[in-house]
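Have a look at upload09.cif; it's mmCIF, C-alpha atoms:
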```cif
data_coords
#
loop_
_atom_site.group_PDB
_atom_site.id
_atom_site.type_symbol
_atom_site.label_atom_id
_atom_site.label_comp_id
_atom_site.auth_asym_id
_atom_site.auth_seq_id
_atom_site.Cartn_x
_atom_site.Cartn_y
_atom_site.Cartn_z
ATOM 1 C CA MET A 1 -4.155 0.403 -30.661
ATOM 2 C CA VAL A 2 -3.754 -1.747 -27.543
ATOM 3 C CA TYR A 3 -6.909 -2.918 -25.776
ATOM 4 C CA PHE A 4 -7.253 -3.606 -22.033
ATOM 5 C CA LYS A 5 -7.279 -7.374 -22.578
ATOM 6 C CA ASP A 6 -4.025 -7.113 -24.548
ATOM 7 C CA ILE A 7 -2.387 -5.046 -21.795
ATOM 8 C CA HIS A 8 -3.398 -7.539 -19.113
ATOM 9 C CA PHE A 9 -2.151 -10.417 -21.258
ATOM 10 C CA LEU A 10 1.149 -8.535 -21.648
ATOM 11 C CA ILE A 11 1.372 -8.067 -17.863
ATOM 12 C CA ARG A 12 0.809 -11.795 -17.321
ATOM 13 C CA VAL A 13 3.534 -12.641 -19.840
ATOM 14 C CA LEU A 14 5.959 -10.146 -18.264
ATOM 15 C CA VAL A 15 5.266 -11.554 -14.773
ATOM 16 C CA LEU A 16 5.843 -15.080 -16.069
ATOM 17 C CA VAL A 17 9.117 -14.104 -17.775
ATOM 18 C CA LYS A 18 10.261 -12.136 -14.724
ATOM 19 C CA SER A 19 9.364 -15.088 -12.439
ATOM 20 C CA PHE A 20 11.412 -17.403 -14.613
ATOM 21 C CA SER A 21 14.364 -15.001 -14.559
ATOM 22 C CA TYR A 22 14.158 -14.737 -10.743
ATOM 23 C CA VAL A 23 14.106 -18.515 -10.389
ATOM 24 C CA THR A 24 17.030 -19.003 -12.787
ATOM 25 C CA ASN A 25 18.973 -16.123 -11.242
ATOM 26 C CA ASP A 26 18.570 -17.706 -7.816
ATOM 27 C CA PHE A 27 20.436 -20.750 -9.105
ATOM 28 C CA LEU A 28 22.844 -19.222 -11.630
ATOM 29 C CA SER A 29 23.894 -15.815 -10.305
ATOM 30 C CA PRO A 30 26.554 -15.205 -7.693
ATOM 31 C CA ASP A 31 25.669 -13.465 -4.449
ATOM 32 C CA TYR A 32 25.429 -9.709 -5.027
ATOM 33 C CA GLY A 33 26.929 -8.972 -1.636
ATOM 34 C CA PRO A 34 26.055 -6.171 0.769
ATOM 35 C CA VAL A 35 24.529 -2.837 -0.175
ATOM 36 C CA PRO A 36 27.299 -0.421 -1.230
ATOM 37 C CA ASP A 37 27.948 2.440 1.204
ATOM 38 C CA ARG A 38 26.724 5.015 -1.342
ATOM 39 C CA CYS A 39 23.324 3.260 -1.405
ATOM 40 C CA HIS A 40 22.617 2.991 2.322
ATOM 41 C CA PRO A 41 19.257 4.557 3.180
ATOM 42 C CA ILE A 42 19.609 8.275 3.866
ATOM 43 C CA PRO A 43 16.378 9.450 5.562
ATOM 44 C CA ASN A 44 16.889 13.155 4.883
ATOM 45 C CA ILE A 45 17.086 12.319 1.147
ATOM 46 C CA MET A 46 14.577 9.471 0.927
ATOM 47 C CA TYR A 47 11.706 11.123 2.787
ATOM 48 C CA ARG A 48 11.627 14.260 0.671
ATOM 49 C CA GLN A 49 8.367 14.781 -1.198
ATOM 50 C CA CYS A 50 9.751 15.099 -4.722
ATOM 51 C CA CYS A 51 7.585 12.934 -6.931
ATOM 52 C CA VAL A 52 4.455 14.800 -7.932
ATOM 53 C CA PHE A 53 1.659 12.417 -8.782
ATOM 54 C CA PRO A 54 -2.067 12.575 -8.129
ATOM 55 C CA PRO A 55 -3.652 10.082 -5.720
ATOM 56 C CA PHE A 56 -4.950 6.820 -7.137
ATOM 57 C CA PHE A 57 -8.261 7.279 -5.299
ATOM 58 C CA LYS A 58 -10.422 10.389 -4.951
ATOM 59 C CA ARG A 59 -10.071 12.400 -1.766
ATOM 60 C CA LYS A 60 -13.848 12.685 -1.322
ATOM 61 C CA ILE A 61 -14.289 8.894 -1.335
ATOM 62 C CA ALA A 62 -11.315 8.439 0.996
ATOM 63 C CA LYS A 63 -12.942 10.877 3.464
ATOM 64 C CA GLU A 64 -16.223 8.964 3.237
ATOM 65 C CA CYS A 65 -14.256 5.853 4.195
ATOM 66 C CA GLY A 66 -12.648 7.494 7.247
ATOM 67 C CA ALA A 67 -9.436 9.057 5.945
ATOM 68 C CA ILE A 68 -7.999 12.146 7.595
ATOM 69 C CA PHE A 69 -5.874 14.614 5.610
ATOM 70 C CA LYS A 70 -3.061 16.925 6.669
ATOM 71 C CA VAL A 71 -0.859 19.215 4.580
ATOM 72 C CA ASN A 72 2.475 17.424 4.395
ATOM 73 C CA PHE A 73 4.514 19.925 2.378
ATOM 74 C CA ILE A 74 4.173 23.087 0.334
ATOM 75 C CA ASN A 75 6.535 24.007 -2.487
ATOM 76 C CA ARG A 76 5.583 27.558 -3.445
ATOM 77 C CA ASN A 77 8.030 27.761 -6.349
ATOM 78 C CA ALA A 78 6.530 24.697 -8.045
ATOM 79 C CA LYS A 79 3.009 25.637 -6.856
ATOM 80 C CA VAL A 80 2.567 22.172 -5.353
ATOM 81 C CA ALA A 81 1.201 21.067 -1.986
ATOM 82 C CA GLY A 82 1.193 17.500 -0.734
ATOM 83 C CA LEU A 83 -1.404 15.945 1.510
ATOM 84 C CA LEU A 84 -0.716 13.171 3.958
ATOM 85 C CA ARG A 85 -3.631 10.748 4.081
ATOM 86 C CA ARG A 86 -4.158 8.717 7.249
ATOM 87 C CA SER A 87 -6.783 6.152 8.057
ATOM 88 C CA ILE A 88 -7.754 5.474 11.644
ATOM 89 C CA THR A 89 -9.894 2.497 10.649
ATOM 90 C CA GLY A 90 -7.099 0.403 9.048
ATOM 91 C CA CYS A 91 -8.372 -2.516 7.004
ATOM 92 C CA LYS A 92 -11.983 -1.282 7.247
ATOM 93 C CA HIS A 93 -10.881 1.825 5.363
ATOM 94 C CA TRP A 94 -9.541 -0.251 2.467
ATOM 95 C CA THR A 95 -12.594 -2.513 2.449
ATOM 96 C CA CYS A 96 -14.736 0.613 2.143
ATOM 97 C CA MET A 97 -12.523 2.121 -0.575
ATOM 98 C CA LEU A 98 -12.334 -1.034 -2.654
ATOM 99 C CA ASN A 99 -16.117 -1.517 -2.301
ATOM 100 C CA LYS A 100 -16.819 2.039 -3.464
ATOM 101 C CA TYR A 101 -14.611 1.510 -6.513
ATOM 102 C CA MET A 102 -16.055 -2.000 -7.088
ATOM 103 C CA LEU A 103 -12.584 -3.565 -6.986
ATOM 104 C CA LEU A 104 -13.486 -6.542 -4.812
ATOM 105 C CA SER A 105 -14.231 -10.029 -6.073
ATOM 106 C CA PRO A 106 -17.434 -11.782 -4.895
ATOM 107 C CA ASP A 107 -15.446 -13.487 -2.096
ATOM 108 C CA GLY A 108 -14.299 -10.110 -0.716
ATOM 109 C CA ASN A 109 -10.703 -10.170 -1.950
ATOM 110 C CA LEU A 110 -9.013 -7.715 -4.276
ATOM 111 C CA ASP A 111 -9.816 -8.281 -7.940
ATOM 112 C CA ASP A 112 -6.361 -7.400 -9.248
ATOM 113 C CA GLU A 113 -7.580 -7.240 -12.872
ATOM 114 C CA LYS A 114 -10.114 -4.553 -11.934
ATOM 115 C CA TYR A 115 -7.518 -2.735 -9.827
ATOM 116 C CA PHE A 116 -5.094 -2.708 -12.761
ATOM 117 C CA MET A 117 -7.867 -1.366 -15.014
ATOM 118 C CA HIS A 118 -8.418 1.354 -12.390
ATOM 119 C CA LEU A 119 -4.701 2.210 -12.642
ATOM 120 C CA ASP A 120 -4.992 2.211 -16.447
ATOM 121 C CA LYS A 121 -7.729 4.848 -16.190
ATOM 122 C CA TRP A 122 -5.470 6.837 -13.855
ATOM 123 C CA VAL A 123 -2.678 6.614 -16.457
ATOM 124 C CA ASP A 124 -5.078 7.939 -19.116
ATOM 125 C CA LEU A 125 -5.288 11.105 -16.999
ATOM 126 C CA ASN A 126 -1.550 11.089 -16.202
ATOM 127 C CA PRO A 127 0.151 9.705 -19.334
ATOM 128 C CA GLN A 128 3.699 10.607 -18.268
ATOM 129 C CA PHE A 129 3.372 7.756 -15.715
ATOM 130 C CA SER A 130 2.436 5.129 -18.313
ATOM 131 C CA LYS A 131 5.745 3.254 -18.387
ATOM 132 C CA VAL A 132 6.409 3.400 -14.647
ATOM 133 C CA ILE A 133 2.900 2.148 -13.779
ATOM 134 C CA LEU A 134 3.214 -0.758 -16.222
ATOM 135 C CA ASN A 135 6.537 -1.737 -14.641
ATOM 136 C CA ALA A 136 5.134 -1.242 -11.123
ATOM 137 C CA LYS A 137 2.203 -3.549 -11.879
ATOM 138 C CA VAL A 138 4.563 -6.261 -13.122
ATOM 139 C CA GLU A 139 7.047 -5.917 -10.237
ATOM 140 C CA CYS A 140 4.435 -5.735 -7.478
ATOM 141 C CA LYS A 141 2.286 -8.546 -8.846
ATOM 142 C CA LEU A 142 5.409 -10.675 -9.036
ATOM 143 C CA ARG A 143 6.371 -9.769 -5.470
ATOM 144 C CA TYR A 144 2.887 -10.574 -4.112
ATOM 145 C CA ARG A 145 2.033 -13.499 -6.394
ATOM 146 C CA MET A 146 2.267 -16.067 -3.593
ATOM 147 C CA LEU A 147 -0.300 -14.132 -1.513
ATOM 148 C CA MET A 148 -2.840 -13.666 -4.327
ATOM 149 C CA PRO A 149 -5.744 -13.189 -4.041
ATOM 150 C CA LEU A 150 -5.100 -10.373 -1.567
ATOM 151 C CA ASP A 151 -7.500 -9.514 1.226
ATOM 152 C CA THR A 152 -8.198 -5.849 1.953
ATOM 153 C CA CYS A 153 -5.503 -5.658 4.650
ATOM 154 C CA GLN A 154 -2.880 -7.054 2.268
ATOM 155 C CA PHE A 155 -4.032 -4.592 -0.387
ATOM 156 C CA TYR A 156 -2.531 -1.726 1.623
ATOM 157 C CA GLN A 157 0.931 -3.305 1.297
ATOM 158 C CA PHE A 158 0.362 -4.019 -2.392
ATOM 159 C CA GLN A 159 -0.722 -0.402 -2.947
ATOM 160 C CA SER A 160 2.392 0.725 -1.043
ATOM 161 C CA CYS A 161 4.515 -1.373 -3.404
ATOM 162 C CA ILE A 162 2.980 0.407 -6.420
ATOM 163 C CA ARG A 163 3.420 3.865 -4.838
ATOM 164 C CA ASN A 164 7.015 3.151 -3.797
ATOM 165 C CA PHE A 165 7.911 1.919 -7.291
ATOM 166 C CA VAL A 166 6.475 5.131 -8.754
ATOM 167 C CA THR A 167 8.378 7.262 -6.225
ATOM 168 C CA VAL A 168 11.722 5.567 -6.914
ATOM 169 C CA ASN A 169 11.249 5.714 -10.715
ATOM 170 C CA CYS A 170 9.379 9.016 -10.825
ATOM 171 C CA PRO A 171 8.997 10.732 -14.222
ATOM 172 C CA ALA A 172 7.688 13.959 -12.622
ATOM 173 C CA VAL A 173 10.267 15.095 -10.065
ATOM 174 C CA LEU A 174 10.160 18.631 -8.666
ATOM 175 C CA GLN A 175 13.032 20.638 -10.100
ATOM 176 C CA THR A 176 14.656 21.753 -6.852
ATOM 177 C CA PRO A 177 18.265 21.061 -5.754
ATOM 178 C CA GLU A 178 17.000 18.734 -2.994
ATOM 179 C CA CYS A 179 14.806 16.762 -5.399
ATOM 180 C CA LYS A 180 17.557 16.549 -8.017
ATOM 181 C CA GLU A 181 19.753 15.074 -5.267
ATOM 182 C CA GLN A 182 17.046 12.509 -4.451
ATOM 183 C CA LYS A 183 16.625 11.613 -8.129
ATOM 184 C CA ALA A 184 20.390 11.124 -8.530
ATOM 185 C CA PHE A 185 20.389 8.881 -5.424
ATOM 186 C CA TYR A 186 17.526 6.728 -6.737
ATOM 187 C CA ASP A 187 18.971 6.606 -10.262
ATOM 188 C CA GLU A 188 22.152 5.118 -8.836
ATOM 189 C CA CYS A 189 20.634 2.917 -6.122
ATOM 190 C CA LYS A 190 17.055 2.099 -7.191
ATOM 191 C CA GLU A 191 17.694 -1.650 -7.242
ATOM 192 C CA TYR A 192 17.897 -1.565 -3.423
ATOM 193 C CA PHE A 193 14.704 0.423 -2.895
ATOM 194 C CA GLN A 194 12.066 -0.896 -5.308
#
```
Represent the structure of the file as structure tokens.
Amino acid sequence: MVYFKDIHFLIRVLVLVKSFSYVTNDFLSPDYGPVPDRCHPIPNIMYRQCCVFPPFFKRKIAKECGAIFKVNFINRNAKVAGLLRRSITGCKHWTCMLNKYMLLSPDGNLDDEKYFMHLDKWVDLNPQFSKVILNAKVECKLRYRMLMPLDTCQFYQFQSCIRNFVTVNCPAVLQTPECKEQKAFYDECKEYFQ
């Protein structure tokens, strides 16, 4: 059985190894060149709502912090509806959210250890996302390591990194022709979008 402390130690080790590989690759690898034509962003494929995963934060708490919701899509065959969540208060919204979830450090910045434990609890409820969330935590922490500790405004971008990684590597894609097309696109080109 793996305990939370062991998981967080593993994440630190993976970030360290990944950092080392990035540094060595910068010096040892040839230039990868431009993005291949087949991997150029295609909005009508990329913006489809195909990855079905529950929100990381409860809707009720988001509303208390000023979020507004709108139905974004309905897939009757899969019996799934997606909500678009908007915040008109910007950084104040995320300060409120992180306060309500007790994810801020005493100095008012994101406590990334507590946030990752929050994601671990989310994974307990959504176990099919276990591997992708672990990889997202490593990749996004590595990407934002120079900005750590993050303030509440930077948290939005960090959260977007996690969500995007999950979307690109989604283990729960709707089984429609359009979503299968999106999955095939990301399977071939994910290195350019995560």
Using all atoms listed in the file, determine which residues lie at most 8 Å from stretch 151-158 of chain A, disregarding the query and same-chain residues fewer than 4 positions distant; provide the list as a JSON list (two decimals) with C-alpha atoms, keeping the file's coordinate frame.
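Result file is around_9.json:
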```json
[["chain", "number", "residue", "atom", "x", "y", "z"],
["A", 90, "GLY", "CA", -7.10, 0.40, 9.05],
["A", 91, "CYS", "CA", -8.37, -2.52, 7.00],
["A", 92, "LYS", "CA", -11.98, -1.28, 7.25],
["A", 94, "TRP", "CA", -9.54, -0.25, 2.47],
["A", 95, "THR", "CA", -12.59, -2.51, 2.45],
["A", 98, "LEU", "CA", -12.33, -1.03, -2.65],
["A", 108, "GLY", "CA", -14.30, -10.11, -0.72],
["A", 109, "ASN", "CA", -10.70, -10.17, -1.95],
["A", 110, "LEU", "CA", -9.01, -7.72, -4.28],
["A", 140, "CYS", "CA", 4.43, -5.74, -7.48],
["A", 144, "TYR", "CA", 2.89, -10.57, -4.11],
["A", 162, "ILE", "CA", 2.98, 0.41, -6.42]]
```
Please determine an axis-aligned box that encloses all atoms of stretch 171-184 of chain A listed in the file, with 8 Å added on each side, and express its centre and edge lengths in Å to one decimal as AutoDock Vina command-line options.
```
--center_x 14.0 --center_y 16.2 --center_z -8.6 --size_x 28.7 --size_y 27.0 --size_z 27.2
```
Practice prompt. Apply the PyMOL selection byres ((chain A and resi 182) around 12) to the displayed file and report the matching residues as a count of residues only.
Written response: 33
Fill in: Expected residue set, 10 Å radius at (-10.3, 8.1, 5.0), only C-alpha atoms, as an MDAnalysis selection string
chainID A and resid 59:69 85:90 92:94 96:97
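One distance worth recording is that between atom CA of A:Asn75 and atom CA of A:Phe53, which is 14.1 Å.
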Practice prompt. Write out as a ChimeraX atom specification the residues lying within 10 Å of A:Lys114, counting only C-alpha atoms and excluding same-chain residues fewer than 5 positions away.
Written response: /A:101-105,119-120
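With distances restricted to only C-alpha atoms, A:Ala172 is the closest residue to A:Pro127 from A:Leu142, A:Val80, A:Ala172, A:Val35.
For the pair atom CA of A:Gln194 and atom CA of A:Leu150, the separation is 20.0 Å.
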